[in-house]
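See below for the structure under consideration.
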Amino acid sequence: MNTIPSTPGTVWLVGAGPGDPDLLTLRAARLVMNAQLIVHDGLVDPAILALARPGTQLISVAKQRSRHTLQQDEINALLVREALAGRNVVRLKGGDPFIFGRGGEEAEACRAAGVPVEVVPGISAAIGAAAAAGMPLTHRSHASIVSFVAGQCKGLSDQNWTGLAGKGRTLVIYMGLATSEAIAEKLIADGLAPEIPVAVIENATRPQMRVLRSSLAGMPALVATHQVKSPAIIVIGEAAGESKTESLRALALEGMQ
Ligand code: SAH
């Protein structure tokens, strides 16, 4: 006979960081290592899933852009169903669950169903990429504002990015590869100088990481020529300039001597 447990399990919305397993928080690592069930995104690095015990059930809910909405509903339903059946669920997401991670929607669905939710923050792609590329997103000499935006196709032209990029500011674009041309056009039409520095960071914190640089006007060609693939973020502003990164690297090396 099937009985419904009186206490539901907890859904843990856990940030897995940008890739390198060493960048997991201790709490995230403990949860992964002790999990009964892990529901994970496509972005979660296999090296992180490898930390789970042999008996752990792993369910991948890798998203396809064309089926976003329906799939999110299915993911929400899966989390709720498992928790109501009394299982603790580790919902492992790339980066941080609350930065472009739909963690908010999953938390709402769980709460609406009476399922307890805990959130474990993770290192978001922008933070991990900046560290790995030696590229401070803020710096007293050139940037005191940093903004994170989503560059995916839906609604790009309706988004108001005015004032987010330019002198003294760093703009970080997630999910902007497919629309890099529209992004460059939009920002230049908003008054941004076409020669402002851009860095495209692919696979940040992973062994195959690439840091590619160009001007804003040259960014679409850069993405095409180097066949940049997801996951990648785009950093726009003085912070992305070669000279800034190199001078900091030189300082760091001097300090080590
Ligand atoms: N919650 C995640 C973001 C999910 S949206 C976070 O906080 O990082 C997915 C986008 O994140 C990708 O399209 C890409 O723009 C960015 N991203 C995730 N991991 C990345 C990585 N290792 N290197 C570069 N960009 C990454």
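Lettering and numbering for the structure tokens are positional, with chains as A, B, ... in the shown order, residues counted from 1 in each chain, and ligands counted from 1 in the shown order.
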Distance limit 7 Å, reference ligand 1, atoms considered: only C-alpha atoms and all ligand atoms. Which residues make the cut? Give them as a ChimeraX atom specification.
/A:17-19,43,93-101,123-126,129,173-176,201-206,230-233
Apply DSSP to the structure's backbone, then extract all residues of range 158-253 of chain A labelled strand (DSSP E or B) and return them as an mmCIF file with N, CA, C and O atoms, in the first residue's frame.
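The resulting file, result_34.cif, is reproduced below:
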data_model
loop_
_atom_site.group_PDB
_atom_site.id
_atom_site.type_symbol
_atom_site.label_atom_id
_atom_site.label_comp_id
_atom_site.auth_asym_id
_atom_site.auth_seq_id
_atom_site.Cartn_x
_atom_site.Cartn_y
_atom_site.Cartn_z
ATOM 1 N N GLY A 166 29.518 51.888 -20.158
ATOM 2 C CA GLY A 166 30.169 53.167 -20.472
ATOM 3 C C GLY A 166 31.234 53.477 -19.461
ATOM 4 O O GLY A 166 31.697 52.595 -18.725
ATOM 5 N N GLY A 168 33.357 54.186 -16.407
ATOM 6 C CA GLY A 168 33.201 53.900 -14.978
ATOM 7 C C GLY A 168 32.274 52.730 -14.684
ATOM 8 O O GLY A 168 31.945 52.480 -13.531
ATOM 9 N N ARG A 169 31.825 52.031 -15.732
ATOM 10 C CA ARG A 169 30.860 50.947 -15.527
ATOM 11 C C ARG A 169 31.281 49.668 -16.250
ATOM 12 O O ARG A 169 31.883 49.737 -17.315
ATOM 13 N N THR A 170 30.915 48.557 -15.661
ATOM 14 C CA THR A 170 31.180 47.261 -16.302
ATOM 15 C C THR A 170 29.838 46.576 -16.525
ATOM 16 O O THR A 170 29.021 46.492 -15.599
ATOM 17 N N LEU A 171 29.626 46.127 -17.749
ATOM 18 C CA LEU A 171 28.393 45.403 -18.061
ATOM 19 C C LEU A 171 28.745 43.951 -18.342
ATOM 20 O O LEU A 171 29.624 43.666 -19.165
ATOM 21 N N VAL A 172 28.097 43.033 -17.647
ATOM 22 C CA VAL A 172 28.341 41.605 -17.883
ATOM 23 C C VAL A 172 27.065 41.001 -18.468
ATOM 24 O O VAL A 172 25.979 41.137 -17.885
ATOM 25 N N ILE A 173 27.220 40.359 -19.621
ATOM 26 C CA ILE A 173 26.056 39.796 -20.309
ATOM 27 C C ILE A 173 26.115 38.275 -20.260
ATOM 28 O O ILE A 173 27.072 37.654 -20.719
ATOM 29 N N TYR A 174 25.079 37.695 -19.669
ATOM 30 C CA TYR A 174 24.921 36.235 -19.658
ATOM 31 C C TYR A 174 24.093 35.863 -20.890
ATOM 32 O O TYR A 174 23.216 36.623 -21.317
ATOM 33 N N PRO A 197 36.327 48.394 -24.905
ATOM 34 C CA PRO A 197 36.812 47.006 -24.847
ATOM 35 C C PRO A 197 35.743 45.982 -24.450
ATOM 36 O O PRO A 197 34.863 46.274 -23.628
ATOM 37 N N VAL A 198 35.869 44.811 -25.066
ATOM 38 C CA VAL A 198 34.981 43.684 -24.763
ATOM 39 C C VAL A 198 35.843 42.449 -24.512
ATOM 40 O O VAL A 198 36.844 42.236 -25.202
ATOM 41 N N ALA A 199 35.466 41.640 -23.540
ATOM 42 C CA ALA A 199 36.092 40.326 -23.371
ATOM 43 C C ALA A 199 34.987 39.273 -23.397
ATOM 44 O O ALA A 199 33.926 39.462 -22.792
ATOM 45 N N VAL A 200 35.225 38.212 -24.142
ATOM 46 C CA VAL A 200 34.290 37.088 -24.159
ATOM 47 C C VAL A 200 35.002 35.946 -23.443
ATOM 48 O O VAL A 200 36.104 35.558 -23.827
ATOM 49 N N ILE A 201 34.379 35.451 -22.377
ATOM 50 C CA ILE A 201 35.028 34.407 -21.574
ATOM 51 C C ILE A 201 34.191 33.137 -21.694
ATOM 52 O O ILE A 201 33.040 33.087 -21.262
ATOM 53 N N GLU A 202 34.801 32.146 -22.317
ATOM 54 C CA GLU A 202 34.119 30.876 -22.591
ATOM 55 C C GLU A 202 34.616 29.825 -21.588
ATOM 56 O O GLU A 202 35.809 29.766 -21.298
ATOM 57 N N ARG A 210 38.617 29.975 -22.391
ATOM 58 C CA ARG A 210 39.236 30.902 -23.339
ATOM 59 C C ARG A 210 38.805 32.320 -22.997
ATOM 60 O O ARG A 210 37.629 32.558 -22.677
ATOM 61 N N VAL A 211 39.748 33.260 -23.071
ATOM 62 C CA VAL A 211 39.440 34.681 -22.890
ATOM 63 C C VAL A 211 39.780 35.371 -24.202
ATOM 64 O O VAL A 211 40.939 35.374 -24.620
ATOM 65 N N LEU A 212 38.774 35.902 -24.868
ATOM 66 C CA LEU A 212 38.983 36.526 -26.181
ATOM 67 C C LEU A 212 38.608 38.001 -26.073
ATOM 68 O O LEU A 212 37.650 38.355 -25.382
ATOM 69 N N ARG A 213 39.362 38.829 -26.760
ATOM 70 C CA ARG A 213 39.120 40.267 -26.636
ATOM 71 C C ARG A 213 38.917 40.940 -27.981
ATOM 72 O O ARG A 213 39.492 40.532 -28.994
ATOM 73 N N SER A 214 38.115 42.018 -27.953
ATOM 74 C CA SER A 214 37.939 42.845 -29.150
ATOM 75 C C SER A 214 37.351 44.179 -28.705
ATOM 76 O O SER A 214 37.203 44.421 -27.504
ATOM 77 N N SER A 215 36.989 44.995 -29.688
ATOM 78 C CA SER A 215 36.202 46.195 -29.392
ATOM 79 C C SER A 215 34.731 45.774 -29.423
ATOM 80 O O SER A 215 34.395 44.668 -29.880
ATOM 81 N N ALA A 232 29.328 31.000 -22.211
ATOM 82 C CA ALA A 232 30.275 32.120 -22.283
ATOM 83 C C ALA A 232 29.590 33.378 -21.773
ATOM 84 O O ALA A 232 28.370 33.530 -21.919
ATOM 85 N N ILE A 233 30.378 34.257 -21.170
ATOM 86 C CA ILE A 233 29.832 35.564 -20.802
ATOM 87 C C ILE A 233 30.606 36.649 -21.535
ATOM 88 O O ILE A 233 31.749 36.448 -21.958
ATOM 89 N N ILE A 234 29.957 37.788 -21.668
ATOM 90 C CA ILE A 234 30.553 38.925 -22.362
ATOM 91 C C ILE A 234 30.724 40.048 -21.339
ATOM 92 O O ILE A 234 29.770 40.393 -20.638
ATOM 93 N N VAL A 235 31.942 40.575 -21.255
ATOM 94 C CA VAL A 235 32.216 41.684 -20.323
ATOM 95 C C VAL A 235 32.507 42.920 -21.165
ATOM 96 O O VAL A 235 33.347 42.879 -22.069
ATOM 97 N N ILE A 236 31.800 44.006 -20.887
ATOM 98 C CA ILE A 236 31.963 45.226 -21.679
ATOM 99 C C ILE A 236 32.337 46.385 -20.762
ATOM 100 O O ILE A 236 31.675 46.631 -19.757
#
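Going from CA of Leu24 in chain A over to CA of Val11 in chain A, you cover 18.1 Å.
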Excluding Ala47 in chain A and its own-chain neighbours fewer than 4 positions away, which residues fall within 10 Å of it when counting only C-alpha atoms? Please give them as a ChimeraX atom specification.
/A:19-22,51-52
Export, as a PDB file, in the first residue's frame, the selected residues with C-alpha atoms.
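Everything below was put into again26.pdb:
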ATOM      1  CA  GLY A  19      32.505  24.672 -13.255  1.00  0.00           C
ATOM      2  CA  ASP A  20      35.634  24.114 -11.168  1.00  0.00           C
ATOM      3  CA  PRO A  21      34.576  21.770  -8.314  1.00  0.00           C
ATOM      4  CA  ASP A  22      36.932  23.634  -5.965  1.00  0.00           C
ATOM      5  CA  LEU A  51      31.330  13.830  -5.943  1.00  0.00           C
ATOM      6  CA  ALA A  52      27.991  12.118  -5.334  1.00  0.00           C
TER       7      ALA A  52
END
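Between CA of Val146 in chain A and CA of Thr25 in chain A the separation is 23.5 Å.
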Select, from A:Gly15, A:Pro8, A:Gly55, A:Gly86, the residue with the minimum atom-to-atom distance to Pro121 in chain A, counting only C-alpha atoms.
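Checking each of A:Gly15, A:Pro8, A:Gly55, A:Gly86 against Pro121 in chain A, counting only C-alpha atoms, the winner is A:Gly15.
Here the question is which of A:Gly104, A:Gly218, A:Gly151, A:Gly122 gets nearest to Ile188 in chain A using only C-alpha atoms, and that residue is A:Gly218.
Taking CA of Ile48 in chain A and CA of Met33 in chain A as endpoints, the distance between them is 9.6 Å.
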